[in-house]
file work.txt (compact mmCIF, C-alpha atoms and all ligand atoms)
# COMPACT_ATOMS: atom_id res chain seq x y z
CA MET U 105 33.97 35.62 2.88
CA LYS U 106 32.19 33.19 5.20
CA GLU U 107 33.25 29.53 5.15
CA PHE U 108 31.55 26.36 6.39
CA LYS U 109 32.71 22.75 6.61
CA ILE U 110 30.14 20.32 5.21
CA ALA U 111 30.50 16.55 5.60
CA VAL U 112 28.99 14.99 2.47
CA ILE U 113 27.84 11.37 2.52
CA PRO U 114 26.39 10.49 -0.90
CA GLY U 115 25.85 6.85 0.20
CA ASP U 116 24.45 4.30 -2.25
CA GLY U 117 22.18 4.05 -5.29
CA ILE U 118 20.46 7.29 -6.26
CA GLY U 119 21.95 8.92 -3.15
CA VAL U 120 25.07 9.51 -5.24
CA GLU U 121 23.17 10.98 -8.20
CA VAL U 122 20.93 13.35 -6.27
CA THR U 123 23.77 14.54 -4.03
CA GLU U 124 25.86 15.49 -7.08
CA GLN U 125 23.08 17.78 -8.31
CA ALA U 126 22.40 19.30 -4.88
CA LEU U 127 26.08 20.15 -4.29
CA LYS U 128 26.20 22.14 -7.53
CA VAL U 129 23.12 24.08 -6.43
CA LEU U 130 24.63 24.74 -2.99
CA GLU U 131 27.86 26.01 -4.49
CA LYS U 132 26.08 28.40 -6.82
CA VAL U 133 23.68 29.83 -4.28
CA CYS U 134 26.45 30.28 -1.66
CA LYS U 135 28.64 32.14 -4.14
CA LYS U 136 25.81 34.66 -4.49
CA TYR U 137 26.03 35.30 -0.73
CA ASP U 138 29.84 35.42 -0.65
CA THR U 139 30.04 32.13 1.24
CA LYS U 140 32.27 29.13 0.59
CA LEU U 141 31.26 25.61 1.49
CA ASN U 142 34.17 23.19 1.96
CA PHE U 143 32.81 19.75 1.14
CA THR U 144 34.47 16.62 2.56
CA GLU U 145 33.14 13.47 0.92
CA LEU U 146 32.76 10.54 3.32
CA LYS U 147 31.59 6.95 3.08
CA ALA U 148 28.68 5.36 4.94
CA GLY U 149 26.18 2.61 4.17
CA GLY U 150 26.74 -0.15 1.62
CA CYS U 151 29.75 1.48 -0.05
CA ALA U 152 31.47 1.67 3.37
CA ILE U 153 30.71 -2.01 4.02
CA ASP U 154 32.39 -2.84 0.70
CA ASP U 155 35.29 -0.59 1.54
CA CYS U 156 36.06 -1.53 5.15
CA GLY U 157 33.34 -3.89 6.40
CA ASN U 158 31.67 -1.24 8.58
CA PRO U 159 28.53 0.75 7.54
CA LEU U 160 29.71 3.70 9.62
CA PRO U 161 33.51 3.91 9.65
CA VAL U 162 35.00 5.69 12.68
CA GLU U 163 36.60 8.25 10.36
CA THR U 164 33.20 9.19 8.91
CA LEU U 165 31.62 9.86 12.30
CA GLU U 166 34.68 11.76 13.54
CA LYS U 167 34.79 14.01 10.46
CA CYS U 168 31.03 14.63 10.72
CA LYS U 169 31.54 15.75 14.32
CA LYS U 170 34.11 18.31 13.18
CA SER U 171 31.89 19.77 10.45
CA ASP U 172 29.21 22.48 10.56
CA ALA U 173 26.57 20.20 9.03
CA VAL U 174 26.17 16.76 7.45
CA PHE U 175 24.61 16.32 4.01
CA LEU U 176 23.52 12.76 3.28
CA GLY U 177 22.06 11.08 0.19
CA ALA U 178 20.69 7.60 0.96
CA VAL U 179 22.09 4.24 1.99
CA GLY U 180 21.26 0.60 1.32
CA GLY U 181 20.48 -1.72 -1.52
CA PRO U 182 19.84 -5.38 -2.38
CA LYS U 183 23.55 -6.20 -2.38
CA TRP U 184 23.64 -5.82 1.41
CA ASP U 185 20.10 -7.06 2.22
CA ASP U 186 21.20 -10.44 3.55
CA LEU U 187 23.63 -9.08 6.13
CA PRO U 188 22.60 -9.44 9.79
CA GLY U 189 20.89 -6.42 11.44
CA LYS U 190 23.90 -4.73 13.03
CA GLN U 191 25.99 -4.93 9.85
CA ARG U 192 23.36 -3.53 7.49
CA PRO U 193 23.84 -0.17 5.70
CA GLU U 194 20.89 1.42 7.58
CA GLN U 195 22.88 1.05 10.82
CA ALA U 196 24.89 4.01 9.57
CA LEU U 197 21.84 6.27 9.93
CA LEU U 198 21.18 5.22 13.53
CA GLY U 199 24.90 5.55 14.32
CA LEU U 200 25.03 9.05 12.85
CA ARG U 201 21.85 10.25 14.62
CA GLY U 202 22.97 8.79 17.96
CA GLY U 203 26.66 9.67 17.57
CA LEU U 204 25.90 13.28 16.64
CA GLY U 205 23.20 13.70 19.34
CA LEU U 206 20.49 14.69 16.85
CA TYR U 207 17.27 14.69 18.86
CA ALA U 208 14.94 16.70 16.62
CA ASN U 209 13.63 15.49 13.29
CA LEU U 210 12.05 18.07 10.99
CA ARG U 211 10.02 16.91 8.03
CA PRO U 212 8.22 19.44 5.85
CA THR U 213 5.28 18.49 3.67
CA LYS U 214 4.32 21.04 1.07
CA VAL U 215 1.95 20.46 -1.78
CA PHE U 216 3.27 22.43 -4.76
CA ASP U 217 0.39 23.87 -6.82
CA GLU U 218 1.70 22.19 -9.95
CA LEU U 219 1.82 18.75 -8.27
CA LYS U 220 -1.65 18.78 -6.74
CA SER U 221 -2.74 15.90 -8.94
CA ALA U 222 -0.12 13.65 -7.28
CA SER U 223 -1.83 14.01 -3.90
CA PRO U 224 -4.20 11.20 -2.92
CA LEU U 225 -6.49 13.81 -1.28
CA LYS U 226 -9.38 15.53 -3.09
CA ASP U 227 -8.79 18.91 -4.79
CA SER U 228 -11.34 20.50 -2.43
CA ILE U 229 -9.03 19.65 0.49
CA ILE U 230 -5.69 20.36 -1.20
CA ASP U 231 -6.87 23.65 -2.72
CA LYS U 232 -6.76 25.30 0.72
CA GLY U 233 -2.95 24.82 0.67
CA VAL U 234 -0.75 22.37 2.56
CA ASP U 235 2.53 23.49 4.16
CA ILE U 236 3.26 21.50 7.32
CA LEU U 237 6.44 20.94 9.32
CA VAL U 238 6.42 17.89 11.58
CA VAL U 239 8.88 18.33 14.48
CA ARG U 240 9.48 14.89 15.95
CA GLU U 241 11.48 13.99 19.08
CA LEU U 242 14.05 11.51 17.82
CA THR U 243 16.11 10.06 20.65
CA GLY U 244 13.67 9.41 23.52
CA GLY U 245 10.28 7.90 24.29
CA ILE U 246 9.11 4.35 23.75
CA TYR U 247 11.73 3.49 21.09
CA PHE U 248 14.48 3.94 23.69
CA GLY U 249 12.64 3.16 26.98
CA GLU U 250 13.02 0.00 29.01
CA LYS U 251 11.77 -3.04 27.12
CA GLY U 252 11.73 -6.73 27.66
CA ARG U 253 9.88 -10.00 27.98
CA LYS U 254 8.50 -11.53 31.16
CA GLU U 255 5.80 -13.77 32.50
CA VAL U 256 2.60 -12.14 33.73
CA ASP U 257 0.43 -14.50 35.79
CA GLY U 258 2.19 -17.41 34.13
CA ILE U 259 1.61 -16.05 30.59
CA TYR U 260 4.49 -15.00 28.32
CA ALA U 261 4.43 -11.22 27.64
CA ALA U 262 6.46 -8.32 26.25
CA TYR U 263 6.60 -4.64 27.17
CA ASP U 264 8.01 -1.30 26.01
CA THR U 265 8.12 1.84 28.15
CA GLU U 266 7.37 5.43 27.13
CA LEU U 267 9.53 7.67 29.30
CA TYR U 268 10.24 11.35 28.76
CA THR U 269 12.19 13.66 31.07
CA VAL U 270 11.20 17.32 31.45
CA ASP U 271 14.49 18.31 29.78
CA GLU U 272 13.88 16.09 26.76
CA ILE U 273 10.43 17.61 26.26
CA LYS U 274 11.70 21.15 26.83
CA ARG U 275 14.44 20.97 24.21
CA ILE U 276 12.21 19.54 21.48
CA ALA U 277 9.47 22.05 22.39
CA HIS U 278 11.97 24.93 21.98
CA CYS U 279 12.93 23.49 18.62
CA GLY U 280 9.26 23.42 17.57
CA PHE U 281 8.57 26.97 18.76
CA LYS U 282 11.73 28.35 17.13
CA ALA U 283 10.67 26.75 13.85
CA ALA U 284 7.18 28.21 14.29
CA MET U 285 8.71 31.70 14.68
CA LYS U 286 10.31 31.30 11.25
CA ARG U 287 7.01 30.20 9.71
CA ARG U 288 3.32 31.03 10.27
CA LYS U 289 3.63 31.07 14.09
CA LYS U 290 1.14 28.28 14.75
CA LEU U 291 2.04 25.14 16.70
CA THR U 292 -0.05 22.04 17.33
CA SER U 293 1.31 19.76 20.03
CA VAL U 294 0.16 16.17 19.60
CA ASP U 295 -0.09 13.73 22.51
CA LYS U 296 -2.40 11.21 24.14
CA ALA U 297 -2.86 13.12 27.40
CA ASN U 298 -6.31 11.60 28.02
CA ILE U 299 -4.62 8.21 28.62
CA LEU U 300 -0.85 8.47 29.03
CA GLU U 301 0.96 10.03 32.00
CA SER U 302 4.00 10.74 29.81
CA SER U 303 1.68 12.74 27.51
CA ARG U 304 0.30 14.71 30.45
CA LEU U 305 3.84 15.76 31.36
CA TRP U 306 4.49 16.50 27.65
CA ARG U 307 1.49 18.85 27.58
CA GLU U 308 2.46 20.61 30.86
CA VAL U 309 6.01 21.25 29.62
CA VAL U 310 4.86 22.46 26.19
CA GLU U 311 2.49 24.91 27.95
CA GLU U 312 5.42 26.20 30.05
CA VAL U 313 7.74 26.61 27.06
CA ALA U 314 4.92 28.32 25.12
CA LYS U 315 5.07 31.25 27.59
CA GLU U 316 8.48 32.14 26.12
CA TYR U 317 6.97 32.44 22.64
CA PRO U 318 3.87 34.62 23.15
CA GLU U 319 3.56 35.28 19.40
CA VAL U 320 3.00 31.61 18.64
CA GLU U 321 -0.58 30.34 18.70
CA VAL U 322 -0.65 26.92 20.41
CA ASN U 323 -3.21 24.15 20.47
CA HIS U 324 -3.14 20.52 21.61
CA LEU U 325 -4.59 17.50 19.82
CA TYR U 326 -4.81 13.86 20.78
CA VAL U 327 -2.88 11.75 18.30
CA ASP U 328 -5.97 9.88 17.06
CA ASN U 329 -7.70 13.17 16.28
CA ALA U 330 -4.49 14.59 14.71
CA SER U 331 -4.26 11.66 12.31
CA MET U 332 -7.88 12.27 11.23
CA GLN U 333 -7.38 16.03 10.89
CA LEU U 334 -4.33 15.49 8.68
CA VAL U 335 -6.47 13.98 5.93
CA ARG U 336 -9.67 15.96 6.68
CA ASN U 337 -8.17 19.46 6.80
CA PRO U 338 -4.35 19.52 6.53
CA SER U 339 -4.29 23.27 5.84
CA GLN U 340 -5.03 23.94 9.55
CA PHE U 341 -1.48 22.84 10.48
CA ASP U 342 1.76 24.81 10.48
CA ILE U 343 4.04 23.07 13.03
CA ILE U 344 3.11 19.65 14.43
CA LEU U 345 5.22 19.02 17.54
CA THR U 346 5.21 15.47 18.83
CA SER U 347 6.98 12.51 20.44
CA ASN U 348 9.16 9.92 18.76
CA MET U 349 6.54 7.25 18.04
CA PHE U 350 3.62 9.59 17.25
CA GLY U 351 5.98 11.60 15.01
CA ASP U 352 7.16 8.50 13.20
CA ILE U 353 3.60 7.67 12.22
CA LEU U 354 2.26 11.20 11.62
CA SER U 355 5.25 12.33 9.53
CA ASP U 356 4.71 9.42 7.15
CA GLU U 357 1.00 10.17 6.97
CA ALA U 358 1.73 13.86 6.32
CA SER U 359 4.31 13.06 3.67
CA MET U 360 1.83 10.93 1.71
CA ILE U 361 -0.32 14.04 1.27
CA SER U 362 2.29 15.41 -1.13
CA GLY U 363 2.05 12.24 -3.19
CA SER U 364 5.69 12.09 -4.20
CA ILE U 365 8.56 10.73 -2.17
CA GLY U 366 10.99 12.40 -4.58
CA MET U 367 10.02 15.84 -3.24
CA LEU U 368 10.40 15.30 0.52
CA ALA U 369 13.32 16.74 2.47
CA SER U 370 14.27 16.26 6.11
CA ALA U 371 16.58 17.56 8.82
CA SER U 372 17.78 16.08 12.11
CA LEU U 373 19.04 18.71 14.54
CA ARG U 374 20.38 19.44 18.00
CA GLU U 375 20.30 22.69 19.99
CA ASP U 376 23.50 24.27 18.63
CA ASN U 377 21.91 24.26 15.13
CA PHE U 378 24.20 21.46 13.97
CA GLY U 379 22.21 19.09 11.78
CA MET U 380 22.12 16.26 9.30
CA TYR U 381 20.12 16.82 6.12
CA GLU U 382 18.79 14.09 3.86
CA PRO U 383 15.87 13.28 1.57
CA VAL U 384 13.10 11.10 3.02
CA HIS U 385 13.50 8.55 0.21
CA GLY U 386 15.93 5.64 0.15
CA SER U 387 18.54 4.59 -2.39
CA ALA U 388 15.91 3.44 -4.95
CA PRO U 389 17.92 0.54 -6.41
CA ASP U 390 15.25 0.03 -9.09
CA ILE U 391 16.23 3.30 -10.81
CA ALA U 392 19.81 3.81 -9.60
CA GLY U 393 22.38 4.85 -12.20
CA MET U 394 19.71 5.52 -14.85
CA ASN U 395 19.42 9.33 -14.57
CA LEU U 396 15.78 8.84 -13.50
CA ALA U 397 15.86 9.97 -9.85
CA ASN U 398 14.18 13.17 -8.81
CA PRO U 399 16.90 15.31 -7.17
CA LEU U 400 14.44 17.85 -5.72
CA ALA U 401 14.12 16.19 -2.28
CA GLN U 402 17.89 16.40 -1.93
CA ILE U 403 17.99 19.95 -3.30
CA LEU U 404 15.25 20.98 -0.84
CA SER U 405 17.26 19.29 1.94
CA ALA U 406 20.12 21.58 0.94
CA ALA U 407 17.77 24.54 1.40
CA MET U 408 16.94 23.26 4.91
CA MET U 409 20.66 23.04 5.70
CA LEU U 410 21.14 26.67 4.67
CA GLU U 411 18.15 27.72 6.76
CA TYR U 412 18.68 25.76 9.97
CA SER U 413 22.45 25.15 10.28
CA LEU U 414 24.13 27.90 8.27
CA GLY U 415 21.75 30.79 9.03
CA MET U 416 21.27 31.57 5.32
CA SER U 417 17.48 31.92 5.04
CA GLU U 418 17.59 34.06 1.91
CA ALA U 419 19.70 31.49 0.10
CA ALA U 420 17.24 28.80 1.21
CA ARG U 421 14.36 30.86 -0.28
CA ASP U 422 16.35 31.20 -3.53
CA ILE U 423 16.50 27.43 -3.86
CA GLU U 424 12.83 26.97 -3.01
CA ASN U 425 11.85 29.65 -5.52
CA ALA U 426 13.98 27.99 -8.21
CA VAL U 427 12.14 24.71 -7.56
CA ASP U 428 8.79 26.54 -7.84
CA VAL U 429 9.79 28.15 -11.14
CA VAL U 430 11.03 24.91 -12.72
CA LEU U 431 7.84 23.09 -11.73
CA LYS U 432 5.73 26.00 -13.02
CA GLU U 433 7.57 25.75 -16.33
CA GLY U 434 6.30 22.18 -16.58
CA TYR U 435 9.53 20.20 -16.10
CA ARG U 436 9.13 16.85 -14.33
CA THR U 437 11.18 13.79 -13.51
CA GLY U 438 9.38 10.48 -14.07
CA ASP U 439 8.05 10.13 -10.51
CA ILE U 440 6.08 13.40 -10.69
CA TYR U 441 5.31 13.30 -14.41
CA SER U 442 1.77 13.82 -15.65
CA GLU U 443 0.47 14.14 -19.18
CA GLY U 444 1.44 17.35 -20.97
CA ALA U 445 4.50 17.98 -18.79
CA LYS U 446 8.12 17.94 -20.05
CA LYS U 447 9.85 14.77 -18.89
CA ILE U 448 13.50 15.18 -17.90
CA GLY U 449 16.19 13.28 -16.01
CA THR U 450 18.15 13.84 -12.80
CA LYS U 451 20.95 15.88 -14.38
CA GLU U 452 18.62 18.05 -16.47
CA MET U 453 16.54 18.84 -13.36
CA GLY U 454 19.72 19.80 -11.51
CA GLU U 455 20.81 22.06 -14.40
CA LEU U 456 17.41 23.76 -14.55
CA ILE U 457 17.46 24.54 -10.82
CA LEU U 458 21.01 25.90 -11.24
CA SER U 459 19.97 28.17 -14.06
CA ASN U 460 17.18 29.62 -11.92
CA ILE U 461 19.41 30.52 -8.94
P1 LIG G 501 13.02 3.97 -1.69
O1 LIG G 501 12.61 5.28 -1.12
O2 LIG G 501 14.44 3.83 -2.04
O3 LIG G 501 12.16 3.69 -3.02
C1 LIG G 501 10.74 3.52 -3.00
C2 LIG G 501 10.18 3.80 -4.41
O4 LIG G 501 10.21 5.20 -4.66
C3 LIG G 501 10.99 3.16 -5.53
O5 LIG G 501 10.12 2.74 -6.55
C4 LIG G 501 11.88 4.27 -6.04
O6 LIG G 501 12.25 4.14 -7.39
C5 LIG G 501 11.02 5.49 -5.79
N1 LIG G 501 11.84 6.68 -5.47
C6 LIG G 501 12.46 6.90 -4.30
N2 LIG G 501 13.13 8.06 -4.37
C7 LIG G 501 12.94 8.55 -5.60
C8 LIG G 501 13.40 9.71 -6.28
N3 LIG G 501 14.20 10.63 -5.71
N4 LIG G 501 13.00 9.90 -7.55
C9 LIG G 501 12.20 9.01 -8.16
N5 LIG G 501 11.74 7.90 -7.58
C10 LIG G 501 12.10 7.66 -6.32
O7 LIG G 501 12.57 2.85 -0.65
P2 LIG G 501 12.82 1.28 -0.67
O8 LIG G 501 12.70 0.76 -2.07
O9 LIG G 501 11.94 0.75 0.38
O10 LIG G 501 14.32 1.08 -0.18
C11 LIG G 501 15.45 0.93 -1.05
C12 LIG G 501 16.71 0.89 -0.21
O11 LIG G 501 16.88 2.17 0.45
C13 LIG G 501 16.67 -0.14 0.90
O12 LIG G 501 17.95 -0.71 1.02
C14 LIG G 501 16.30 0.66 2.13
O13 LIG G 501 16.73 0.07 3.31
C15 LIG G 501 17.02 1.95 1.85
N6 LIG G 501 16.46 3.14 2.53
C16 LIG G 501 17.33 4.08 2.93
C17 LIG G 501 16.87 5.24 3.51
C18 LIG G 501 17.87 6.29 3.89
O14 LIG G 501 19.02 6.20 3.50
N7 LIG G 501 17.47 7.30 4.65
C19 LIG G 501 15.50 5.46 3.67
C20 LIG G 501 14.61 4.49 3.20
C21 LIG G 501 15.10 3.33 2.63

call {"tool": "encode", "arguments": {"input": "work.txt", "output": "structure tokens"}}
result
Amino acid sequence: MKEFKIAVIPGDGIGVEVTEQALKVLEKVCKKYDTKLNFTELKAGGCAIDDCGNPLPVETLEKCKKSDAVFLGAVGGPKWDDLPGKQRPEQALLGLRGGLGLYANLRPTKVFDELKSASPLKDSIIDKGVDILVVRELTGGIYFGEKGRKEVDGIYAAYDTELYTVDEIKRIAHCGFKAAMKRRKKLTSVDKANILESSRLWREVVEEVAKEYPEVEVNHLYVDNASMQLVRNPSQFDIILTSNMFGDILSDEASMISGSIGMLASASLREDNFGMYEPVHGSAPDIAGMNLANPLAQILSAAMMLEYSLGMSEAARDIENAVDVVLKEGYRTGDIYSEGAKKIGTKEMGELILSNI
């Protein structure tokens, strides 16, 4: 029997509720493949501030480092909103990403047939199918480059610097191409190479790395064009590979296409396949503790963990298929409910996914 160590951080608000459902699903699907997941529950975010005054206790980060993957719910809430920046719950996320060296952020956007009506795009666009994975560089570029304030010709000014090394571009490009090999083998690299020197280097390095993946079809788009294409014809995309800032913006744009934040999973990875998996949504204090949260984003994050960190693609497909079946049967949590569907709560959705594994 195979065994893996999983650091589980339910966090705050609905993070706790959706994680509970996802862990049950993980246990069941792993049993089918003769695999045992050893969960260690850890604190981070608001609950850790209450507990020890630190959003990311040293023990949490250390135990995460010793695990095979990290599975996180969501952190934050109004109780901690007035704390100064460095003491806020969200600091835990930055501390985990930085402390674990997670440089690649993967965010899938899929429009499920049954949830087409939730998309803000027209049926004629959505009908062609939308299944995109945005691969975003997470620890470099303008968010981490030199920044400051200075006087320019006697006028007060501020600046931020976009800087990418060849190695940083190479490793995220490999991540994008490897993901493409597991999917439809099409990769669109997004940059602003008509203006930015850093983008010109980005494009050169992506072209070099592409030679190692001859089966993957590659094209390049300027970021302004990519943002238009995402709403004009999203079905043209499989992998979108891009820098930190462009990825930040494009992944949010892509995720809106699905129309429901309760369905969106994400992964943050490094080259040894270690990763942290979490839903895109936050702790949703407005519905926390009411059995109203949609657990599917967290359950689909569990599928990503099986796929990318634990090498269990078949188990990941089992979870995704179970989600498909339950949606086809008409079951919906409130956030994705439409007339004629069967409205259910967090726990019931978790149970239904379990029964379809
Ligand atoms: P949010 O994602 O928590 O909620 C936005 C809206 O979407 C709310 O109306 C909420 O009820 C709804 N929603 C979110 N997830 C849902 C789900 N699974 N099912 C049904 N409805 C869902 O964003 P927010 O309100 O801006 O932030 C709330 C708190 O979460 C803040 O403290 C914020 O800092 C934190 N946050 C944390 C993360 C994270 O942990 N990764 C991400 C975003 C926000």

call {"tool": "residues_around", "arguments": {"input": "work.txt", "residues": "range 294-299 of chain U", "least_positions_apart": "6", "cutoff": "6 Å", "atoms": "only C-alpha atoms", "output": "list of chain:residue names"}}
result
U:His324, U:Leu325, U:Tyr326, U:Val327, U:Thr346

call {"tool": "closest_residue", "arguments": {"input": "work.txt", "among": "U:Lys214, U:Lys170, U:Lys128, U:Arg192", "to": "ligand LIG 501 (chain G)", "atoms": "all atoms listed in the file"}}
result
U:Arg192

call {"tool": "atom_distance", "arguments": {"input": "work.txt", "atom1": "atom C8 of ligand LIG 501 (chain G)", "atom2": "CA of Gly117 in chain U"}}
result
10.5 Å

call {"tool": "closest_residue", "arguments": {"input": "work.txt", "among": "U:Tyr381, U:Tyr247, U:Tyr263, U:Tyr435", "to": "Leu210 in chain U", "atoms": "all atoms listed in the file"}}
result
U:Tyr381

call {"tool": "closest_residue", "arguments": {"input": "work.txt", "among": "U:Asn329, U:Gln195, U:Asn158, U:Ser417", "to": "ligand LIG 501 (chain G)", "atoms": "all atoms listed in the file"}}
result
U:Gln195

call {"tool": "atom_distance", "arguments": {"input": "work.txt", "atom1": "CA of Ala420 in chain U", "atom2": "CA of Ile448 in chain U"}}
result
23.8 Å

call {"tool": "residues_near_ligand", "arguments": {"input": "work.txt", "ligand": "ligand LIG 501 (chain G)", "cutoff": "7 Å", "atoms": "only C-alpha atoms and all ligand atoms", "output": "mmCIF file with C-alpha atoms, in the coordinates of the input"}}
result
data_model
loop_
_atom_site.group_PDB
_atom_site.id
_atom_site.type_symbol
_atom_site.label_atom_id
_atom_site.label_comp_id
_atom_site.auth_asym_id
_atom_site.auth_seq_id
_atom_site.Cartn_x
_atom_site.Cartn_y
_atom_site.Cartn_z
ATOM 1 C CA GLY U 177 22.060 11.080 0.190
ATOM 2 C CA ALA U 178 20.690 7.600 0.960
ATOM 3 C CA VAL U 179 22.090 4.240 1.990
ATOM 4 C CA GLY U 180 21.260 0.600 1.320
ATOM 5 C CA GLY U 181 20.480 -1.720 -1.520
ATOM 6 C CA PRO U 182 19.840 -5.380 -2.380
ATOM 7 C CA ASP U 185 20.100 -7.060 2.220
ATOM 8 C CA GLU U 194 20.890 1.420 7.580
ATOM 9 C CA LEU U 197 21.840 6.270 9.930
ATOM 10 C CA ILE U 365 8.560 10.730 -2.170
ATOM 11 C CA GLY U 366 10.990 12.400 -4.580
ATOM 12 C CA GLU U 382 18.790 14.090 3.860
ATOM 13 C CA PRO U 383 15.870 13.280 1.570
ATOM 14 C CA VAL U 384 13.100 11.100 3.020
ATOM 15 C CA HIS U 385 13.500 8.550 0.210
ATOM 16 C CA GLY U 386 15.930 5.640 0.150
ATOM 17 C CA SER U 387 18.540 4.590 -2.390
ATOM 18 C CA ALA U 388 15.910 3.440 -4.950
ATOM 19 C CA PRO U 389 17.920 0.540 -6.410
ATOM 20 C CA ASP U 390 15.250 0.030 -9.090
ATOM 21 C CA ILE U 391 16.230 3.300 -10.810
ATOM 22 C CA LEU U 396 15.780 8.840 -13.500
ATOM 23 C CA ALA U 397 15.860 9.970 -9.850
ATOM 24 C CA ASN U 398 14.180 13.170 -8.810
ATOM 25 C CA PRO U 399 16.900 15.310 -7.170
ATOM 26 C CA ALA U 401 14.120 16.190 -2.280
ATOM 27 C CA GLY U 438 9.380 10.480 -14.070
ATOM 28 C CA ASP U 439 8.050 10.130 -10.510
#

call {"tool": "atom_distance", "arguments": {"input": "work.txt", "atom1": "CA of Asn377 in chain U", "atom2": "CA of Val429 in chain U"}}
result
29.2 Å

call {"tool": "residues_around", "arguments": {"input": "work.txt", "residues": "Glu452 in chain U", "least_positions_apart": "4", "cutoff": "12 Å", "atoms": "all atoms listed in the file", "output": "PyMOL selection string"}}
result
chain U and resi 121-122+125+395-400+430+435-437+446-448+456-459

call {"tool": "closest_residue", "arguments": {"input": "work.txt", "among": "U:Ala426, U:Cys151, U:Leu300, U:Ile236", "to": "Val129 in chain U", "atoms": "only C-alpha atoms"}}
result
U:Ala426

call {"tool": "closest_residue", "arguments": {"input": "work.txt", "among": "U:Ile273, U:Val256, U:Ala445, U:Val335", "to": "Ser359 in chain U", "atoms": "only C-alpha atoms"}}
result
U:Val335
